[in-house]
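Before any comments, here is the structure.
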Number of protein chains: 2
Amino acid sequence: MLVKSQIKLIRSLQQKKYRNQHGLFFVEGKKTVNELLDSDYTPHSVFSTDPKVFDVPNDILTEVTLTDLKQMSTLKNPNGVLGIFHIPEKEQVEFKDWIVVLDDIRDPGNLGTIIRLCDWFGIHDLVCSQNTVDCYNPKVLQATMGSISRVNISYRNLPDFLKDSKIPIYGAFMDGVSVYQNKLPEKGIIILGNEGNGISSEVETMVSEKVSIPQYGNSTTESLNVATATAILLNEIRRA
Amino acid sequence: MLVKSQIKLIRSLQQKKYRNQHGLFFVEGKKTVNELLDSDYTPHSVFSTDPKVFDVPNDILTEVTLTDLKQMSTLKNPNGVLGIFHIPEKEQVEFKDWIVVLDDIRDPGNLGTIIRLCDWFGIHDLVCSQNTVDCYNPKVLQATMGSISRVNISYRNLPDFLKDSKIPIYGAFMDGVSVYQNKLPEKGIIILGNEGNGISSEVETMVSEKVSIPQYGNSTTESLNVATATAILLNEIRRA
């Protein structure tokens, strides 16, 4: 049976402050909950309208009604299951493959899509500036489709992180050299900037290679969306 | 001064039925309104809290308050201007370059992003199945960032459209041949399918080349989002 304190806990986890305080976050949907149960993430509790389908110890599994779920969910139409998980310890970032770095990405859908892209292209490490939207934000998790369990995401002061890099630092700029022009190395860092302002000037000074995605036709489109730009750049990195 | 009949008209244009009935659609935001004013689109009327900044004849320009705008807008925070435009006549599709074909794309954000990508990569013709979300839907227009004026978008019965094609028909499939493997031709059709179900079986029979975007690492991600897949495929087409 669901008790008031559980509803209160889950609702509080919609806010970053309480996620950090409790060391917990939640996801919704059978596919995502199952992907996290199958991963290294530790489940705290699972609430389901059909608990038989989840292979978790009884003491963390609670059968709930759809009305209960509506009280906890961030979705208009909750889809039958909500799982709370412990926020994992981050692994150290190793400079042995390409690393994606995000400088103040604010849109949860963009961050979620970028996490999913890192997973698709086998990028293990995603490093975000401290002002980038929190990866355990429910809207981010909705867009990752469960791939968050397979990408190591850290929040760092970017200048401090970048100054220790011994691999080349690429940044995506409108006025960079065409990414088709030079062969990309086997490992490196690729930085993508904020939706409106691009890469900040402090981070820009640490970039060794500015790259851009060529534009065709007579377009006056000012830029690509940051998630689609990430898709194209990761494709270029992996096909190289 | 704004009159009730104008508010009623604009609110009705949120629905496809009334857009088609009136032959009108609306966009919001200074940048998008200006891009459409600078294009071949014919303005019907412009409502602005700061009308001096728009170079349009006085008889179609109305100064409004923010409270007026809130009554017309689909946005929580309307951004100062709303423009109504005539839905243009479609140009005929010519088979002289790559053409993007969408088979039942339902998410307005995905269609908007794909229109913006077509503009970026100089793709003139976008052909949508009749069940694809309407390109004059306010949420689609919000995501196109004004690029709708530079892409010729048609809604067609896809089997009828495809049977006349004299250029190769490519389709994006999970089990296609790697898009890196063979050089892409100078012109062709690339089909992307519905978010959940992919390309329909009727359309699939008309595809001459099935292509896929290779996946890296140990990911169990099932698929890429259709807009990010479009980004990667258009990049492959143009870099070829």
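Following the order of the structure tokens, chains are lettered A, B, ..., residues in each are numbered from 1, and ligands are numbered from 1.
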
Wanna dump the chain B-chain A contacts at 9 Å for me, each residue with its shortest atom pair and the distance in Å to one decimal, counting only C-alpha atoms, ordered by chain and number, as JSON lines?
```
{"residue": "B:Thr113", "atom": "CA", "partner": "A:Asn225", "partner_atom": "CA", "distance": 7.8}
{"residue": "B:Arg116", "atom": "CA", "partner": "A:Thr221", "partner_atom": "CA", "distance": 7.5}
{"residue": "B:Leu117", "atom": "CA", "partner": "A:Leu224", "partner_atom": "CA", "distance": 7.3}
{"residue": "B:Asp119", "atom": "CA", "partner": "A:Ser219", "partner_atom": "CA", "distance": 5.9}
{"residue": "B:Trp120", "atom": "CA", "partner": "A:Gln215", "partner_atom": "CA", "distance": 5.5}
{"residue": "B:Phe121", "atom": "CA", "partner": "A:Tyr216", "partner_atom": "CA", "distance": 4.6}
{"residue": "B:Gly122", "atom": "CA", "partner": "A:Gly217", "partner_atom": "CA", "distance": 4.1}
{"residue": "B:Ile123", "atom": "CA", "partner": "A:Gly217", "partner_atom": "CA", "distance": 7.7}
{"residue": "B:His124", "atom": "CA", "partner": "A:Gly217", "partner_atom": "CA", "distance": 8.8}
{"residue": "B:Met145", "atom": "CA", "partner": "A:Thr221", "partner_atom": "CA", "distance": 7.9}
{"residue": "B:Gly146", "atom": "CA", "partner": "A:Thr221", "partner_atom": "CA", "distance": 7.9}
{"residue": "B:Ser147", "atom": "CA", "partner": "A:Thr221", "partner_atom": "CA", "distance": 6.5}
{"residue": "B:Arg150", "atom": "CA", "partner": "A:Ser219", "partner_atom": "CA", "distance": 7.4}
{"residue": "B:Tyr180", "atom": "CA", "partner": "A:Arg239", "partner_atom": "CA", "distance": 7.2}
{"residue": "B:Ile213", "atom": "CA", "partner": "A:Asn235", "partner_atom": "CA", "distance": 8.6}
{"residue": "B:Pro214", "atom": "CA", "partner": "A:Phe121", "partner_atom": "CA", "distance": 8.3}
{"residue": "B:Gln215", "atom": "CA", "partner": "A:Trp120", "partner_atom": "CA", "distance": 5.5}
{"residue": "B:Tyr216", "atom": "CA", "partner": "A:Phe121", "partner_atom": "CA", "distance": 4.7}
{"residue": "B:Gly217", "atom": "CA", "partner": "A:Gly122", "partner_atom": "CA", "distance": 4.1}
{"residue": "B:Asn218", "atom": "CA", "partner": "A:Gly122", "partner_atom": "CA", "distance": 6.9}
{"residue": "B:Ser219", "atom": "CA", "partner": "A:Asp119", "partner_atom": "CA", "distance": 5.9}
{"residue": "B:Thr220", "atom": "CA", "partner": "A:Ser147", "partner_atom": "CA", "distance": 8.0}
{"residue": "B:Thr221", "atom": "CA", "partner": "A:Trp120", "partner_atom": "CA", "distance": 6.3}
{"residue": "B:Glu222", "atom": "CA", "partner": "A:Trp120", "partner_atom": "CA", "distance": 8.7}
{"residue": "B:Ser223", "atom": "CA", "partner": "A:Trp120", "partner_atom": "CA", "distance": 8.1}
{"residue": "B:Leu224", "atom": "CA", "partner": "A:Leu117", "partner_atom": "CA", "distance": 7.3}
{"residue": "B:Asn225", "atom": "CA", "partner": "A:Thr113", "partner_atom": "CA", "distance": 7.8}
{"residue": "B:Ala227", "atom": "CA", "partner": "A:Thr228", "partner_atom": "CA", "distance": 7.4}
{"residue": "B:Thr228", "atom": "CA", "partner": "A:Thr228", "partner_atom": "CA", "distance": 5.4}
{"residue": "B:Ala229", "atom": "CA", "partner": "A:Ala231", "partner_atom": "CA", "distance": 7.8}
{"residue": "B:Thr230", "atom": "CA", "partner": "A:Thr228", "partner_atom": "CA", "distance": 8.8}
{"residue": "B:Ala231", "atom": "CA", "partner": "A:Thr228", "partner_atom": "CA", "distance": 5.9}
{"residue": "B:Ile232", "atom": "CA", "partner": "A:Ile232", "partner_atom": "CA", "distance": 5.1}
{"residue": "B:Leu233", "atom": "CA", "partner": "A:Ile232", "partner_atom": "CA", "distance": 8.7}
{"residue": "B:Asn235", "atom": "CA", "partner": "A:Ile232", "partner_atom": "CA", "distance": 6.7}
{"residue": "B:Glu236", "atom": "CA", "partner": "A:Ile232", "partner_atom": "CA", "distance": 8.9}
{"residue": "B:Arg238", "atom": "CA", "partner": "A:Tyr216", "partner_atom": "CA", "distance": 8.0}
{"residue": "B:Arg239", "atom": "CA", "partner": "A:Tyr180", "partner_atom": "CA", "distance": 7.2}
```

* Step one, run DSSP on the backbone; step two, keep only residues of range 7-238 of chain A assigned to strand (DSSP E or B); then write them as number ranges by chain. => A: 24-28, 43-48, 61-63, 81-86, 99-103, 121, 125-129, 152-156, 169-178, 189-194, 198, 209-212, 216

* Excluding range 3-18 of chain B and any residue of its chain fewer than 4 positions from it, enumerate the residues within 12 Å of it, using only C-alpha atoms, and give them as a ChimeraX atom specification. => /B:22-28,44-47,60,62-64,67-75,82-87,133-141

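CA of Gly188 in chain B is found 19.1 Å from CA of Glu202 in chain B.
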
* To do: Quick one: everything within 10 Å of Asn194 in chain A, counting only C-alpha atoms, minus sequence neighbours fewer than 3 positions away in the same chain. Send it as a list in words.
  =>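 Contacts, in chain order: Leu102, Asp103, Asp104, Ile105, Arg106, Asp107, Asn131, Thr132, Asn197, Gly198, Ile199, Ser200 and Val226 of chain A.
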
Just N, CA, C and O atoms for this one: save the residues we selected as a compact mmCIF listing (two decimals), in the first residue's frame.
```txt
# COMPACT_ATOMS: atom_id res chain seq x y z
N LEU A 102 29.70 19.40 -22.67
CA LEU A 102 28.60 20.35 -22.92
C LEU A 102 28.77 21.60 -22.06
O LEU A 102 28.90 21.50 -20.83
N ASP A 103 28.74 22.74 -22.72
CA ASP A 103 28.93 24.03 -22.04
C ASP A 103 27.56 24.72 -21.89
O ASP A 103 27.11 25.40 -22.81
N ASP A 104 26.90 24.48 -20.78
CA ASP A 104 25.63 25.15 -20.46
C ASP A 104 24.46 24.81 -21.38
O ASP A 104 23.77 25.71 -21.89
N ILE A 105 24.21 23.54 -21.58
CA ILE A 105 23.00 23.12 -22.30
C ILE A 105 21.84 23.23 -21.32
O ILE A 105 21.88 22.70 -20.22
N ARG A 106 20.78 23.96 -21.72
CA ARG A 106 19.70 24.27 -20.80
C ARG A 106 18.42 23.48 -21.05
O ARG A 106 17.59 23.34 -20.18
N ASP A 107 18.25 23.00 -22.28
CA ASP A 107 16.99 22.35 -22.62
C ASP A 107 17.05 20.85 -22.27
O ASP A 107 17.92 20.13 -22.77
N ASN A 131 26.40 24.57 -15.02
CA ASN A 131 25.10 25.18 -15.32
C ASN A 131 24.28 24.40 -16.34
O ASN A 131 23.20 24.84 -16.72
N THR A 132 24.80 23.27 -16.77
CA THR A 132 24.00 22.43 -17.68
C THR A 132 22.86 21.81 -16.89
O THR A 132 23.01 21.51 -15.71
N ASN A 197 23.91 30.97 -26.98
CA ASN A 197 25.17 31.71 -26.97
C ASN A 197 26.39 30.91 -27.40
O ASN A 197 27.49 31.46 -27.47
N GLY A 198 26.22 29.63 -27.66
CA GLY A 198 27.38 28.83 -28.07
C GLY A 198 28.34 28.59 -26.91
O GLY A 198 27.95 28.65 -25.74
N ILE A 199 29.60 28.37 -27.27
CA ILE A 199 30.64 28.08 -26.27
C ILE A 199 31.08 29.39 -25.62
O ILE A 199 31.31 30.38 -26.29
N SER A 200 31.20 29.38 -24.29
CA SER A 200 31.57 30.61 -23.56
C SER A 200 33.01 31.00 -23.88
O SER A 200 33.83 30.16 -24.25
N VAL A 226 21.44 22.07 -31.22
CA VAL A 226 22.66 21.48 -30.63
C VAL A 226 22.61 19.95 -30.63
O VAL A 226 23.66 19.29 -30.79
```

Tell me, counting only C-alpha atoms, for each residue of range 41-130 of chain B within 12 Å of range 162-177 of chain B, which pair of atoms is nearest and how far apart they are in Å to one decimal, in rows ordered by chain and increasing number, as JSON lines.
```
{"residue": "B:Val93", "atom": "CA", "partner": "B:Ser165", "partner_atom": "CA", "distance": 10.6}
{"residue": "B:Glu94", "atom": "CA", "partner": "B:Ser165", "partner_atom": "CA", "distance": 9.8}
{"residue": "B:Phe95", "atom": "CA", "partner": "B:Ile167", "partner_atom": "CA", "distance": 7.0}
{"residue": "B:Lys96", "atom": "CA", "partner": "B:Ile167", "partner_atom": "CA", "distance": 8.6}
{"residue": "B:Asp97", "atom": "CA", "partner": "B:Ile167", "partner_atom": "CA", "distance": 9.2}
{"residue": "B:Trp98", "atom": "CA", "partner": "B:Ile167", "partner_atom": "CA", "distance": 9.0}
{"residue": "B:Ile99", "atom": "CA", "partner": "B:Ile169", "partner_atom": "CA", "distance": 9.5}
{"residue": "B:Val100", "atom": "CA", "partner": "B:Tyr170", "partner_atom": "CA", "distance": 9.7}
{"residue": "B:Val101", "atom": "CA", "partner": "B:Gly171", "partner_atom": "CA", "distance": 9.1}
{"residue": "B:Leu102", "atom": "CA", "partner": "B:Gly171", "partner_atom": "CA", "distance": 10.0}
{"residue": "B:Asp103", "atom": "CA", "partner": "B:Gly171", "partner_atom": "CA", "distance": 10.2}
{"residue": "B:Val127", "atom": "CA", "partner": "B:Leu162", "partner_atom": "CA", "distance": 10.1}
{"residue": "B:Cys128", "atom": "CA", "partner": "B:Leu162", "partner_atom": "CA", "distance": 11.5}
{"residue": "B:Ser129", "atom": "CA", "partner": "B:Leu162", "partner_atom": "CA", "distance": 11.0}
```

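Assigned to alpha helix (DSSP H) in range 25-74 of chain A, given DSSP computed from backbone atoms, are A:Lys30, A:Lys31, A:Thr32, A:Val33, A:Asn34, A:Glu35, A:Leu36, A:Leu37, A:Leu66, A:Thr67, A:Asp68, A:Leu69, A:Lys70, A:Gln71, A:Met72.
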
* Structure fact -> Here CA of Thr49 in chain B and CA of Ser149 in chain B stand apart by 24.0 Å

* Asked: What is the distance between CA of Asn152 in chain B and CA of Pro51 in chain B, in Å to one decimal?
  -> 29.7 Å
